[in-house]
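Peer 1: Handing you a structure now.
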Amino acid sequence: MDTKPIPADPGFWADSWHQLKRNRAAMAGLLIIACFALLAIFAPLLAPHNPLEQVIAARMSPPLSSGHLLGTDDLGRDMLSRLIYGGRLSLIIGIISVSISLILGISLGIVAGYFGGWLDKVIMRVIDIMLAFPYILLTIVIVAILGPSLMNAMVAIGISQMPRYARVLRASVMAEREQDYVMAERALGTSNFELMFRTILPNALAPTIVQATLGVGEAILSSAGLSFLGLGAQPPTPEWGLMIASSKQFITSAWWIVTLPGIAILLAVLGFNLLGDGLRDILDPRLRD
Amino acid sequence: MISNELLKIDALCVSFNTQRGKVRAVRNLSLGIAEGETLALVGESGCGKSVTAHAITRLIPMPPGLIESGSIHFRGSNLLSFSEKQMRAIRGSRISMIFQEPMTSLNPVFTIGAQIAEVFLAHSKMSKQNAHTKAVELLKLVKIPDPEKRAKSYPHQLSGGMRQRAMIAMALASPNPGLMIADEPTTALDVTIQAQVLRLLAELKERVGMGLLLITHDMGVVAETADRVAVMYAGRKVEDAPVEEIFTNPRHPYTLGLLGCQPSAPANRGAPRLTSIGGSVPDLLTLGEGCPFENRCNRALPVCRENFPSAAAAGSAHTYYCHNPEAPQTEERRS
Amino acid sequence: MLKFVVKRLLLLLPTLLGVVTLVFFMIALSPGDPARVMLGERASAEQLKKLRAELGLDKPLGQQYALYLGRVLHGDLGKSILTQQKITEELRQRLPATIELAFTATIFASIAGIVLGVAAARKRNTWVDYSTMTGALFGVSMPVFWLALVLIMIFSVALDWLPTGGRMDVRLYFTPITNFFLLDGIILLFKGEGGKIFFNALKHLILPSIALGTIPLAIIARTTRSSMLEVLKQDYVKTARAAGVPEWKVVYHYALKNALLPVITVIGIQFGLLLSGAILTETIFAWPGIGKWIYHSISARDFPAVQGGILFISVFFVLINLAVDLLYSVINPRIRLQ
């Protein structure tokens, strides 16, 4: 019998990181994410051109033409620069959407799991109803109502993803609530608020982190889809989904305008999925023996 | 014995490659079963009993498992030289197996009848209808009440004892069974059912005339069913003798300890119950060349750490492997 | 069994009520004046007032909700502002196209997903397993609309093998019977009108089905693999092998029947999701189904239509999930007979 460390114990995270390092797929994911993050942070230094600058004379130059490593689009804008700035945008979208989701989901999940009773019943009922809507449909509808814009797209994705975090966190909070260390704290007269957020939350967060990692990838996909439908970013923003949408008519003549942003999305999402799957293997108690 | 030898295992070595290193699960094991004989293979869990059984039917997953050396002769032919196709023809037809957990060993989404019929279909050309009729006959043979109806039941609808009977019926679904391997057949059952199942096994064995390899850790079961007993410890055979010899004249300290652990062992009734063996089974990963029981043995000598003893005979059919054996029991003390 | 079904149906009622309520308030509480948003900035006060009255927006919120609930219960989803047609009629015309596409996509995803998943499980930790699982990971990471465009680029534009969109070549126009074109094709075949309709409809279905089916394919393959690995570890698989049952039969008959139980649930849920996921795919392939219609209604700010479409698909989704649950209990003898 090996004793399971209390997760909040710093040893737990060090141990998990140690395990993660041995998971090659997860490390590949982390590497992809790190590359995108570096490109995003240093975009102004790394992008060879202004992503909005139109050079009509050089429009639709194929990749590897002079000065444009990945060619130019229909308005003569440098593809590489647009892709780099698009990556910056996608990462920001992913992080903001998931943050919105997490704030909502964690609040609801912890309240439901900690207090139980009628409060739990009401919250879970609402969550169930939200889950009755197919995810993609829910985001589209929310944006349709709020009006098409990038900010609204993020809010919509945030709201649509919220139920899953609330559910996962509620389950782990309910499991932690009965643990000895919580009982001990409670006996010391610690306030509910402190018990919830300082004692239980750090210990119950691991499965939510897994979901959130996968969620960032999904948010990037959804925002690209919304922008493709004209419900997210608006031209001339260099957003990947929008880049694909506005180049639809060139599939016969300039394959790179369509193909490259898609590959960029695929890689970024792949990075988060690889890391998320790896984290799940380590952090999800359901998979532990 | 040579002429009617059913199964003969010689110097069998089986190992498993694990993340922590190579585990030698069975070491230099030799066993023999005569036609119609019941051999009980006893030992604690993890001693290599089940691995031996799986080696005979070649059902050890390879990798990580590996049969390193040795031979397993069944009616004169070496099973280890057989192709997978030849082996498949043997399994379920000449050599059949029943397992410990009748609940998990039966497929939950097929009826009992269909599962027994499947074995007939695997080994002979017959119609599904015919196979089903034969399955019902077998259910009757293993004394399941209302066999027609039970054939249409799913495993979860039967009691534990009934499931084990169904397993036995499945193992008998063959025109001429030679050897049945029963891996802890009664462990999961409660005591009264255990006795019924054992009696059924013994009766069927007589009727069909097959050999039985009974794997168990329960000396009570051994006393009731076996003709001969082989005791295993940490992958090694440590003693091999006729059943009455084992109970009355055990020579290996481990065998004696095993008998002491049994509340129901006949030799021990009246003696203080449950003298458990101190210490624990050694880690198979780090086990050296010495006697594996050395660290728990109260008769251990320095030499026990150095090498594993060679076979010693105590009578024509009794062998043991010990540097410092228990004293032989005299006739007077036996009775 | 009947009791089980009735209980599940009763449990469904609060969820359905919640769905209707949520759909109502989503539109009712949207920021700004819906009438203004629908008609645009240049609309006159007169027009705005007329539309508000028409939609009942001039009444208090509670009354609006009660009226809406009453109408929905009578199966009345209102009229589309754009076409002035009843929304139920609009949906009825488009539903067969959507179901036909979602269905073929699900069939494609299920067959390919199960075959690949089983192969990966059987050849665990070999190149078969690694490439299948890598493929599946790419599948769930890929933007569907992009895949659709790439497929069109390759198979329609470059190779010219398959049409770029639509359900049928215009030259083959016929009066639909069931509005499921594959089915109509078969019926016409029996009436002796040749297989042209059927094959033409099939040809139009291939690319949209692959695009729509890719994510479900990846998910089904992953589920099948892990379920199969779990089942192959079970004792009863060992029993079957020990009884000399041929290996192919052990895998494809004995083990697969167990392994498919969780997969069937996944397939059902994916089918439900595809009905809504079709918004992007239908738009790209000019597929005249509900997804494309909702997209156009959103672009045209036809809120009653959007509201009706969302409600319809959500209720459909809930009902499909129920059907999946019931189906699961039918095929799993352990649940069926308890």
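Within each chain, counting starts at residue 1; across the structure tokens, chains are named A, B, ... in the order shown, with ligands numbered 1 upward in that order.
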Just list the residues in region 17-248 of chain C DSSP gives alpha helix (DSSP H) on the backbone, as a count of residues only.

Peer 2: 158

Peer 1: Counting only C-alpha atoms, which residues from chain C have an atom at most 7 Å from any atom of chain A, and could you show them as a PyMOL selection string?

Peer 2: chain C and resi 15+18-19+27+30-31+138+141-143+146+153+157+273+276-277+298+314+318

Peer 1: Could you write out that same residue set with N, CA and C atoms as a CSV table (one decimal), in the first residue's frame?

Peer 2:
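Listed below is the output, selection23.csv:
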```csv
chain,number,residue,atom,x,y,z
C,15,THR,N,-36.1,18.9,-18.2
C,15,THR,CA,-35.1,19.3,-19.1
C,15,THR,C,-35.6,20.0,-20.3
C,18,GLY,N,-36.8,23.4,-19.4
C,18,GLY,CA,-35.6,24.2,-19.2
C,18,GLY,C,-35.1,24.7,-20.6
C,19,VAL,N,-35.0,23.8,-21.6
C,19,VAL,CA,-34.5,24.2,-22.9
C,19,VAL,C,-35.4,25.2,-23.5
C,27,ILE,N,-33.3,35.0,-26.4
C,27,ILE,CA,-33.7,36.0,-27.4
C,27,ILE,C,-34.3,37.2,-26.7
C,30,SER,N,-31.8,39.5,-24.9
C,30,SER,CA,-30.6,39.9,-25.7
C,30,SER,C,-30.5,41.4,-25.6
C,31,PRO,N,-29.3,41.9,-25.5
C,31,PRO,CA,-29.1,43.4,-25.4
C,31,PRO,C,-29.7,44.1,-26.6
C,138,PHE,N,-5.1,13.9,-34.7
C,138,PHE,CA,-5.2,14.9,-35.8
C,138,PHE,C,-6.6,15.2,-36.1
C,141,SER,N,-8.2,17.4,-33.7
C,141,SER,CA,-7.6,18.7,-33.6
C,141,SER,C,-7.8,19.6,-34.9
C,142,MET,N,-8.5,19.0,-35.9
C,142,MET,CA,-8.6,19.7,-37.2
C,142,MET,C,-9.9,20.5,-37.3
C,143,PRO,N,-9.8,21.7,-37.8
C,143,PRO,CA,-11.0,22.5,-38.0
C,143,PRO,C,-11.8,21.9,-39.2
C,146,TRP,N,-12.1,23.7,-42.5
C,146,TRP,CA,-10.9,23.7,-43.3
C,146,TRP,C,-10.7,22.4,-44.0
C,153,MET,N,-10.9,21.1,-52.5
C,153,MET,CA,-9.7,21.5,-53.3
C,153,MET,C,-9.1,20.3,-54.0
C,157,VAL,N,-11.8,20.1,-57.2
C,157,VAL,CA,-11.1,21.1,-58.1
C,157,VAL,C,-9.9,20.4,-58.8
C,273,LEU,N,-24.9,15.2,-32.1
C,273,LEU,CA,-24.0,16.4,-32.2
C,273,LEU,C,-23.9,16.8,-33.7
C,276,SER,N,-26.2,19.2,-35.2
C,276,SER,CA,-25.9,20.6,-35.0
C,276,SER,C,-24.6,21.0,-35.7
C,277,GLY,N,-23.6,20.1,-35.6
C,277,GLY,CA,-22.3,20.3,-36.2
C,277,GLY,C,-22.4,20.6,-37.7
C,298,ILE,N,-29.4,33.5,-39.1
C,298,ILE,CA,-28.5,34.3,-38.2
C,298,ILE,C,-28.0,35.5,-39.0
C,314,SER,N,-32.2,21.3,-30.4
C,314,SER,CA,-31.9,20.9,-29.0
C,314,SER,C,-32.8,19.8,-28.5
C,318,VAL,N,-31.8,16.1,-27.3
C,318,VAL,CA,-32.2,15.5,-26.0
C,318,VAL,C,-32.9,14.1,-26.3
```

Peer 1: Could you write out as a PyMOL selection string the residues of chain B within 6 Å of chain C, counting only C-alpha atoms?

Peer 2: chain B and resi 88+91-92+104-107+122

Peer 1: How many Å separate CA of Leu10 (chain C) from CA of Asp325 (chain C)?

Peer 2: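 According to the coordinates, CA of Leu10 (chain C) and CA of Asp325 (chain C) are separated by 14.2 Å.
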
Peer 1: Could you work out how far CA of Lys292 (chain C) lies from CA of Leu75 (chain A), giving the answer in Å with one decimal?

Peer 2: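 Between these atoms lies a distance of 28.6 Å.
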
Peer 1: Hey, can you check how far CA of Ile96 (chain A) sits from CA of Gly276 (chain A)?

Peer 2: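 Spanning CA of Ile96 (chain A) to CA of Gly276 (chain A) is a straight-line distance of 17.7 Å.
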